[in-house]
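Colleague: Structure supplied as model34.txt; contents: compact mmCIF, C-alpha atoms and all ligand atoms.
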# COMPACT_ATOMS: atom_id res chain seq x y z
CA MET A 1 -49.74 5.69 -8.68
CA LYS A 2 -53.20 5.81 -7.14
CA LYS A 3 -56.10 4.51 -9.22
CA ALA A 4 -59.65 5.78 -9.59
CA LEU A 5 -62.59 4.13 -11.34
CA THR A 6 -65.63 5.85 -12.79
CA ILE A 7 -68.81 3.84 -13.31
CA ALA A 8 -70.88 6.16 -15.48
CA GLY A 9 -72.31 7.02 -18.87
CA SER A 10 -70.38 8.40 -21.81
CA ASP A 11 -70.92 11.86 -23.31
CA SER A 12 -69.92 11.92 -26.95
CA GLY A 13 -69.50 15.69 -26.68
CA GLY A 14 -66.73 15.21 -24.13
CA GLY A 15 -68.04 17.63 -21.49
CA ALA A 16 -69.72 15.31 -18.96
CA GLY A 17 -69.88 11.62 -18.09
CA ILE A 18 -66.83 9.37 -18.22
CA GLN A 19 -65.03 11.77 -20.54
CA ALA A 20 -65.17 14.51 -17.89
CA ASP A 21 -64.25 12.01 -15.19
CA LEU A 22 -61.21 10.63 -16.98
CA LYS A 23 -59.94 14.12 -17.87
CA THR A 24 -60.35 15.12 -14.23
CA PHE A 25 -58.52 12.02 -12.99
CA GLN A 26 -55.68 12.75 -15.38
CA GLU A 27 -55.46 16.38 -14.31
CA LEU A 28 -55.42 15.41 -10.64
CA GLU A 29 -52.73 12.81 -11.29
CA VAL A 30 -54.50 9.57 -10.54
CA PHE A 31 -54.74 6.65 -12.98
CA GLY A 32 -58.24 6.69 -14.46
CA MET A 33 -60.36 3.63 -15.35
CA SER A 34 -63.97 3.31 -16.47
CA ALA A 35 -66.93 0.94 -16.52
CA LEU A 36 -69.48 2.21 -18.99
CA THR A 37 -73.19 2.07 -18.05
CA ALA A 38 -74.65 3.76 -21.13
CA VAL A 39 -73.60 5.46 -24.32
CA THR A 40 -75.22 8.83 -24.90
CA ALA A 41 -75.26 10.70 -28.17
CA GLN A 42 -74.81 14.18 -26.76
CA ASN A 43 -73.38 17.62 -27.44
CA THR A 44 -73.64 21.12 -25.97
CA LEU A 45 -77.25 21.34 -27.21
CA GLY A 46 -78.50 18.32 -25.26
CA VAL A 47 -78.85 14.54 -25.22
CA GLN A 48 -79.96 13.17 -28.58
CA ALA A 49 -80.11 9.48 -27.57
CA VAL A 50 -79.34 7.08 -24.70
CA TYR A 51 -78.19 3.49 -25.28
CA PRO A 52 -77.90 1.67 -21.94
CA MET A 53 -75.51 -1.26 -21.47
CA THR A 54 -76.82 -4.52 -19.99
CA ALA A 55 -76.23 -5.03 -16.26
CA GLU A 56 -74.08 -8.00 -17.24
CA ALA A 57 -71.83 -5.83 -19.40
CA VAL A 58 -71.41 -3.40 -16.51
CA MET A 59 -70.55 -6.21 -14.08
CA THR A 60 -68.04 -7.76 -16.47
CA GLN A 61 -66.22 -4.45 -16.87
CA ILE A 62 -66.07 -4.01 -13.09
CA ASP A 63 -64.76 -7.57 -12.68
CA SER A 64 -62.00 -6.90 -15.20
CA ILE A 65 -60.82 -4.08 -12.98
CA GLY A 66 -61.53 -5.73 -9.63
CA GLU A 67 -59.77 -9.01 -10.49
CA ASP A 68 -56.61 -7.36 -11.74
CA ILE A 69 -55.93 -3.67 -11.20
CA GLY A 70 -58.06 -2.65 -8.19
CA ALA A 71 -59.22 0.85 -7.33
CA ASP A 72 -58.26 3.29 -4.56
CA ALA A 73 -61.51 5.18 -5.09
CA VAL A 74 -64.66 4.72 -7.16
CA LYS A 75 -67.24 7.19 -8.34
CA THR A 76 -70.63 6.48 -9.82
CA GLY A 77 -72.41 8.83 -12.21
CA MET A 78 -75.23 8.04 -14.62
CA LEU A 79 -76.51 4.54 -13.75
CA PHE A 80 -79.75 4.72 -15.72
CA ASN A 81 -81.80 1.82 -14.34
CA ALA A 82 -82.42 -0.37 -11.28
CA GLU A 83 -80.69 -3.44 -12.74
CA ILE A 84 -77.46 -1.53 -13.30
CA ILE A 85 -77.65 0.01 -9.81
CA GLU A 86 -78.07 -3.40 -8.19
CA ALA A 87 -75.24 -4.85 -10.24
CA VAL A 88 -72.89 -2.00 -9.33
CA ALA A 89 -73.74 -2.25 -5.62
CA LYS A 90 -73.16 -6.01 -5.67
CA LYS A 91 -69.72 -5.62 -7.23
CA MET A 92 -68.66 -2.75 -4.96
CA TYR A 93 -69.58 -4.90 -1.98
CA HIS A 94 -67.74 -7.90 -3.45
CA TYR A 95 -64.50 -5.97 -3.95
CA HIS A 96 -64.78 -4.17 -0.57
CA TRP A 97 -64.36 -0.79 -2.23
CA THR A 98 -64.46 1.81 0.50
CA ASN A 99 -63.74 5.23 -1.04
CA VAL A 100 -67.04 5.44 -2.89
CA VAL A 101 -68.42 8.71 -4.26
CA VAL A 102 -72.03 8.50 -5.46
CA ASP A 103 -73.16 11.34 -7.68
CA PRO A 104 -76.92 10.64 -7.85
CA VAL A 105 -77.28 11.79 -11.45
CA MET A 106 -80.95 12.01 -12.47
CA ILE A 107 -81.66 14.60 -15.15
CA ALA A 108 -79.29 16.39 -17.55
CA LYS A 109 -79.41 20.20 -17.61
CA GLY A 110 -81.26 20.02 -20.93
CA GLY A 111 -84.01 17.88 -19.32
CA ALA A 112 -83.05 14.41 -20.57
CA SER A 113 -83.61 11.64 -18.03
CA LEU A 114 -80.39 9.88 -17.04
CA LEU A 115 -82.06 7.74 -14.36
CA GLN A 116 -85.43 6.01 -14.67
CA ASN A 117 -87.94 7.03 -11.97
CA GLU A 118 -88.37 3.51 -10.70
CA ALA A 119 -84.59 3.27 -10.18
CA ILE A 120 -84.59 5.86 -7.39
CA SER A 121 -85.66 3.34 -4.76
CA ALA A 122 -82.86 1.00 -5.91
CA LEU A 123 -80.38 3.84 -5.51
CA ILE A 124 -81.60 4.42 -1.96
CA GLN A 125 -81.76 0.75 -1.06
CA PHE A 126 -78.57 -0.61 -2.59
CA LEU A 127 -76.09 2.16 -3.29
CA LEU A 128 -76.46 4.88 -0.67
CA PRO A 129 -75.53 2.55 2.22
CA LEU A 130 -72.25 1.70 0.45
CA SER A 131 -71.27 5.29 -0.26
CA THR A 132 -68.54 7.26 1.51
CA VAL A 133 -69.93 10.52 0.23
CA ILE A 134 -72.83 11.50 -2.00
CA THR A 135 -72.94 14.71 -4.01
CA PRO A 136 -76.54 15.63 -4.92
CA ASN A 137 -77.53 19.00 -6.29
CA ILE A 138 -80.64 20.55 -4.73
CA PRO A 139 -83.24 18.92 -7.05
CA GLU A 140 -81.59 15.51 -6.53
CA ALA A 141 -81.49 15.98 -2.74
CA GLU A 142 -85.19 16.91 -2.87
CA VAL A 143 -86.06 13.72 -4.73
CA LEU A 144 -84.00 11.53 -2.36
CA THR A 145 -85.46 13.09 0.81
CA ASN A 146 -88.95 14.17 -0.27
CA LEU A 147 -88.21 17.62 1.17
CA SER A 148 -88.44 21.02 -0.43
CA ILE A 149 -85.09 22.79 -0.04
CA GLN A 150 -85.06 26.59 -0.01
CA THR A 151 -83.12 27.74 3.02
CA ALA A 152 -79.90 26.78 4.79
CA GLU A 153 -82.02 25.08 7.45
CA ASP A 154 -83.75 23.00 4.75
CA LYS A 155 -80.34 21.92 3.48
CA LYS A 156 -79.40 20.78 6.99
CA GLU A 157 -82.66 18.81 7.32
CA ALA A 158 -82.06 17.13 3.97
CA ALA A 159 -78.47 16.29 4.91
CA LYS A 160 -79.63 14.67 8.15
CA LYS A 161 -82.23 12.67 6.28
CA LEU A 162 -79.61 11.46 3.78
CA LEU A 163 -77.37 10.30 6.62
CA ALA A 164 -80.32 8.41 8.06
CA LEU A 165 -80.40 6.49 4.75
CA GLY A 166 -76.92 5.12 5.50
CA VAL A 167 -74.79 7.70 3.72
CA LYS A 168 -71.60 8.55 5.67
CA ASN A 169 -71.00 12.06 4.32
CA VAL A 170 -73.00 14.35 2.09
CA VAL A 171 -72.35 17.44 0.00
CA ILE A 172 -75.54 19.22 -1.08
CA LYS A 173 -74.32 21.45 -3.90
CA GLY A 174 -75.55 25.01 -4.07
CA GLY A 175 -75.45 25.50 -7.83
CA HIS A 176 -79.27 25.70 -7.90
CA ASP A 177 -79.46 28.28 -5.05
CA GLU A 178 -81.60 31.35 -5.79
CA ASP A 179 -78.84 33.74 -4.70
CA PRO A 180 -77.40 35.48 -7.81
CA ASN A 181 -74.08 36.24 -6.08
CA GLN A 182 -73.01 33.03 -4.44
CA ALA A 183 -73.47 29.27 -4.39
CA VAL A 184 -73.39 27.64 -0.97
CA ASP A 185 -72.61 23.94 -0.64
CA LEU A 186 -73.37 22.13 2.60
CA PHE A 187 -71.02 19.41 3.86
CA TYR A 188 -72.26 17.15 6.65
CA ASP A 189 -70.54 14.13 8.21
CA GLY A 190 -73.05 13.46 10.96
CA LEU A 191 -71.14 15.64 13.43
CA GLU A 192 -70.76 19.08 11.98
CA PHE A 193 -72.40 21.19 9.28
CA VAL A 194 -69.93 23.12 7.13
CA PHE A 195 -71.21 25.66 4.61
CA ILE A 196 -68.77 26.14 1.73
CA LYS A 197 -69.45 29.43 -0.05
CA SER A 198 -68.22 30.40 -3.47
CA LYS A 199 -68.77 33.30 -5.82
CA ARG A 200 -71.41 32.53 -8.44
CA ILE A 201 -69.95 32.68 -11.91
CA ASN A 202 -72.44 33.96 -14.42
CA THR A 203 -72.05 31.60 -17.38
CA LYS A 204 -74.08 29.27 -19.56
CA ASN A 205 -71.09 26.95 -19.90
CA THR A 206 -71.58 24.62 -16.96
CA HIS A 207 -72.14 21.33 -18.74
CA GLY A 208 -70.56 18.50 -16.77
CA THR A 209 -69.84 20.43 -13.56
CA GLY A 210 -71.45 17.76 -11.35
CA CYS A 211 -69.50 14.95 -13.03
CA THR A 212 -66.24 16.87 -12.79
CA PHE A 213 -66.77 17.74 -9.12
CA SER A 214 -67.56 14.18 -8.02
CA ALA A 215 -64.63 12.83 -10.07
CA ALA A 216 -62.34 15.33 -8.33
CA VAL A 217 -63.61 14.18 -4.91
CA ALA A 218 -62.85 10.56 -5.92
CA ALA A 219 -59.36 11.49 -7.16
CA GLU A 220 -58.54 13.27 -3.89
CA LEU A 221 -59.88 10.35 -1.83
CA ALA A 222 -57.74 7.98 -3.93
CA LYS A 223 -54.71 10.07 -2.99
CA GLY A 224 -55.51 9.50 0.68
CA HIS A 225 -57.15 12.76 1.71
CA LEU A 226 -59.84 12.76 4.37
CA VAL A 227 -63.37 13.25 3.07
CA TYR A 228 -63.74 16.91 4.01
CA ASP A 229 -60.30 17.78 2.59
CA ALA A 230 -61.13 15.91 -0.63
CA VAL A 231 -64.38 17.87 -0.94
CA ALA A 232 -62.66 21.22 -0.30
CA LYS A 233 -59.98 20.46 -2.90
CA ALA A 234 -62.61 19.35 -5.41
CA LYS A 235 -64.54 22.55 -4.76
CA SER A 236 -61.49 24.69 -5.64
CA PHE A 237 -60.92 22.57 -8.73
CA ILE A 238 -64.49 22.95 -10.02
CA GLN A 239 -64.58 26.66 -9.24
CA ALA A 240 -61.45 27.20 -11.34
CA ALA A 241 -62.83 24.92 -14.06
CA ILE A 242 -66.07 26.95 -14.29
CA GLU A 243 -64.14 30.23 -14.37
CA ASP A 244 -62.07 28.77 -17.19
CA GLN A 245 -65.15 27.49 -19.10
CA LEU A 246 -64.96 26.58 -22.76
CA ASP A 247 -67.27 28.33 -25.17
CA ILE A 248 -67.44 25.52 -27.71
CA GLY A 249 -70.51 24.29 -29.57
CA HIS A 250 -73.79 26.18 -29.92
CA GLY A 251 -75.35 25.46 -26.51
CA HIS A 252 -74.06 24.93 -22.99
CA GLY A 253 -70.31 24.48 -23.27
CA PRO A 254 -68.25 22.45 -20.82
CA THR A 255 -66.09 23.51 -17.92
CA ASN A 256 -62.38 23.41 -18.64
CA HIS A 257 -60.83 20.39 -16.96
CA TRP A 258 -57.34 21.82 -17.15
CA ALA A 259 -57.60 23.93 -14.02
N1 LIG B 1 -74.41 13.04 -19.60
C1 LIG B 1 -73.88 12.09 -18.85
C2 LIG B 1 -73.47 10.81 -19.48
C3 LIG B 1 -73.70 12.31 -17.49
O1 LIG B 1 -73.18 11.36 -16.72
C4 LIG B 1 -74.09 13.54 -16.93
C5 LIG B 1 -73.84 13.73 -15.52
O2 LIG B 1 -74.44 14.38 -14.74
C6 LIG B 1 -74.66 14.51 -17.72
C7 LIG B 1 -74.79 14.22 -19.06
C8 LIG B 1 -75.13 15.80 -17.15
O3 LIG B 1 -74.74 16.85 -17.87
P1 LIG B 1 -75.15 18.32 -17.42
O4 LIG B 1 -74.02 18.79 -16.56
O5 LIG B 1 -75.26 19.08 -18.67
O6 LIG B 1 -76.42 18.22 -16.64
How would this structure read if it were set down as structure tokens?
Modeller:
Amino acid sequence: MKKALTIAGSDSGGGAGIQADLKTFQELEVFGMSALTAVTAQNTLGVQAVYPMTAEAVMTQIDSIGEDIGADAVKTGMLFNAEIIEAVAKKMYHYHWTNVVVDPVMIAKGGASLLQNEAISALIQFLLPLSTVITPNIPEAEVLTNLSIQTAEDKKEAAKKLLALGVKNVVIKGGHDEDPNQAVDLFYDGLEFVFIKSKRINTKNTHGTGCTFSAAVAAELAKGHLVYDAVAKAKSFIQAAIEDQLDIGHGHGPTNHWA
């Protein structure tokens, strides 16, 4: 069985973070493992508290996996601070992990910060050059590139700029597009721009979509798919998961991971 590791924060409400990742790995039939970067007290209403782990605790968890089980693909989610980012990059380099999906998680939908501002340069310096594919949404791509993204051309410019930072492939997700009818993701591998269009589903229950999508990309990479194929499969998975959303809790419910 292929194995996938998530290095991310936990969501006590079960909709995002490592809980979403592990459910996605299970559904896509890869063996799921986790290294926890932070505990969040969280539900569908928002993030009530964040308790980061020490960088040492993150490294020790990664070593436990690297020294024994190994990983066919790795995804990173909430990394919270520069020390954790540096530690994760160091360990990924040490274990020669190659199928690396970086979801540059910054701010939760409710507004809570999941990455300290001063950690953004560490993300760019240490982690992006090690990544196989990164999966920013539009606000995250804007922060990483210092560009304002409104049009398809802007997305292409941002994708080029991200590749210039050492990223091998990028998916700029269209969930924040203005268009009320569709969401358009842009995939770029340095050679070709591919726009992936999907019908916009009008729902408030989208908590954890980014986590679930990047976990699905990692699972498909672990199974040996090429990057574009892994992204296309993950896109179908997340589309079905949003259509099959769960209306639980009093706020923004999660996508359904049983697609
Ligand atoms: N909480 C954790 C621990 C996460 O890793 C993420 C990932 O993006 C989120 C929350 C984001 O949740 P939302 O989809 O509601 O923005």
Colleague: Give the residues close to ligand LIG 1 (chain B), within 10 Å, counting all atoms listed in the file; write them as a PyMOL selection string.
Modeller: chain A and resi 7-21+36-47+50+76-80+103-115+205-212+214+252-255
Colleague: Could you check how far CA of Leu246 (chain A) sits from CA of Leu28 (chain A), in Å to one decimal?
Modeller: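 Value for the CA of Leu246 (chain A)-CA of Leu28 (chain A) distance: 19.0 Å.
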Colleague: Could you tell me how far CA of Met53 (chain A) lies from CA of Leu127 (chain A), in Å and to one decimal?
Modeller: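 Computing the Euclidean distance for CA of Met53 (chain A) and CA of Leu127 (chain A) yields 18.5 Å.
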Colleague: Which one of A:Asp189, A:Val143, A:Ala241, A:Ala222 sits closest to Leu123 (chain A) if you count all atoms listed in the file?
Modeller: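 Among A:Asp189, A:Val143, A:Ala241, A:Ala222, it is A:Val143 that comes nearest to Leu123 (chain A).
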Colleague: If we count all atoms listed in the file and set the cut-off at 12 Å, which residues sit around Glu153 (chain A), ignoring sequence neighbours fewer than 6 positions away in its own chain? Please answer as a list in words.
Modeller: Leu147, Ala159, Lys160, Leu186, Phe193 and Phe195 of chain A
Colleague: Do you know which residues are at most 8 Å from Lys199 (chain A) counting all atoms listed in the file, after dropping those on the same chain fewer than 5 positions away, and could you put them as a PyMOL selection string?
Modeller: chain A and resi 181-183
Colleague: Go through A:Ala230, A:Thr145, A:Lys223, A:Thr203 and flag the residue nearest Glu243 (chain A), using all atoms listed in the file for the distances.
Modeller: A:Thr203
Colleague: Quick one: everything within 12 Å of Thr54 (chain A), counting all atoms listed in the file, minus sequence neighbours fewer than 3 positions away in the same chain. Send it as a VMD selection string.
Modeller: chain A and resid 35 to 39 51 57 to 61 79 to 88
Colleague: I'd like to know which of A:Val184, A:Ala240, A:Pro129, A:Asn169 is closest to Lys155 (chain A), using only C-alpha atoms.
Modeller: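 Smallest distance to Lys155 (chain A) is found for A:Val184.
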Colleague: Just give me the gap between CA of Gly70 (chain A) and CA of Val231 (chain A) in Å, one decimal is fine.
Modeller: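 The value is 22.7 Å.
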Colleague: Could you list, as a count of residues only, every residue within 8 Å of Leu165 (chain A), counting only C-alpha atoms and ignoring same-chain residues fewer than 4 positions away?
Modeller: 4
Colleague: Write out as a PDB file with C-alpha atoms, in the coordinates of the input the residues lying within 9 Å of Ile172 (chain A), counting all atoms listed in the file and excluding same-chain residues fewer than 2 positions away.
Modeller:
ATOM      1  CA  ILE A 134     -72.830  11.500  -2.000  1.00  0.00           C
ATOM      2  CA  THR A 135     -72.940  14.710  -4.010  1.00  0.00           C
ATOM      3  CA  PRO A 136     -76.540  15.630  -4.920  1.00  0.00           C
ATOM      4  CA  ASN A 137     -77.530  19.000  -6.290  1.00  0.00           C
ATOM      5  CA  ILE A 138     -80.640  20.550  -4.730  1.00  0.00           C
ATOM      6  CA  GLU A 140     -81.590  15.510  -6.530  1.00  0.00           C
ATOM      7  CA  ALA A 141     -81.490  15.980  -2.740  1.00  0.00           C
ATOM      8  CA  LYS A 155     -80.340  21.920   3.480  1.00  0.00           C
ATOM      9  CA  ALA A 158     -82.060  17.130   3.970  1.00  0.00           C
ATOM     10  CA  ALA A 159     -78.470  16.290   4.910  1.00  0.00           C
ATOM     11  CA  VAL A 170     -73.000  14.350   2.090  1.00  0.00           C
ATOM     12  CA  GLY A 174     -75.550  25.010  -4.070  1.00  0.00           C
ATOM     13  CA  VAL A 184     -73.390  27.640  -0.970  1.00  0.00           C
ATOM     14  CA  ASP A 185     -72.610  23.940  -0.640  1.00  0.00           C
ATOM     15  CA  LEU A 186     -73.370  22.130   2.600  1.00  0.00           C
ATOM     16  CA  PHE A 187     -71.020  19.410   3.860  1.00  0.00           C
ATOM     17  CA  TYR A 188     -72.260  17.150   6.650  1.00  0.00           C
TER      18      TYR A 188
END
Colleague: List every protein, DNA or RNA residue that has an atom no more than 9 Å from (-61.8, 6.5, -12.9) in the file's coordinate frame, counting all atoms listed in the file, and report them as a PyMOL selection string.
Modeller: chain A and resi 3-7+18+21-22+24-25+30-35+71+73-75+215+218-219
Colleague: Keeping only C-alpha atoms, take the residues you just selected and write them out as an mmCIF file, in the frame of the given file.
Modeller:
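Done, and the output landed in part37.cif:
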data_model
loop_
_atom_site.group_PDB
_atom_site.id
_atom_site.type_symbol
_atom_site.label_atom_id
_atom_site.label_comp_id
_atom_site.auth_asym_id
_atom_site.auth_seq_id
_atom_site.Cartn_x
_atom_site.Cartn_y
_atom_site.Cartn_z
ATOM 1 C CA LYS A 3 -56.100 4.510 -9.220
ATOM 2 C CA ALA A 4 -59.650 5.780 -9.590
ATOM 3 C CA LEU A 5 -62.590 4.130 -11.340
ATOM 4 C CA THR A 6 -65.630 5.850 -12.790
ATOM 5 C CA ILE A 7 -68.810 3.840 -13.310
ATOM 6 C CA ILE A 18 -66.830 9.370 -18.220
ATOM 7 C CA ASP A 21 -64.250 12.010 -15.190
ATOM 8 C CA LEU A 22 -61.210 10.630 -16.980
ATOM 9 C CA THR A 24 -60.350 15.120 -14.230
ATOM 10 C CA PHE A 25 -58.520 12.020 -12.990
ATOM 11 C CA VAL A 30 -54.500 9.570 -10.540
ATOM 12 C CA PHE A 31 -54.740 6.650 -12.980
ATOM 13 C CA GLY A 32 -58.240 6.690 -14.460
ATOM 14 C CA MET A 33 -60.360 3.630 -15.350
ATOM 15 C CA SER A 34 -63.970 3.310 -16.470
ATOM 16 C CA ALA A 35 -66.930 0.940 -16.520
ATOM 17 C CA ALA A 71 -59.220 0.850 -7.330
ATOM 18 C CA ALA A 73 -61.510 5.180 -5.090
ATOM 19 C CA VAL A 74 -64.660 4.720 -7.160
ATOM 20 C CA LYS A 75 -67.240 7.190 -8.340
ATOM 21 C CA ALA A 215 -64.630 12.830 -10.070
ATOM 22 C CA ALA A 218 -62.850 10.560 -5.920
ATOM 23 C CA ALA A 219 -59.360 11.490 -7.160
#
Colleague: Could you give me, as CSV, a per-residue list for region 106-204 of chain A showing, wherever an atom lies at most 6 Å from an atom of region 99-102 of chain A, the closest pair of atoms and their distance in Å to one decimal, using all atoms listed in the file and sorting by chain then residue number from low to high?
Modeller:
residue,atom,partner,partner_atom,distance
A:Ser131,CA,A:Val100,CA,5.0
A:Thr132,CA,A:Val100,CA,5.0
A:Val133,CA,A:Val101,CA,5.1
A:Ile134,CA,A:Val102,CA,4.6
Colleague: Restricting the calculation to only C-alpha atoms, which member of A:Glu27, A:Lys204, A:His96, A:Gln48 is positioned closest to Ile248 (chain A)?
Modeller: A:Lys204
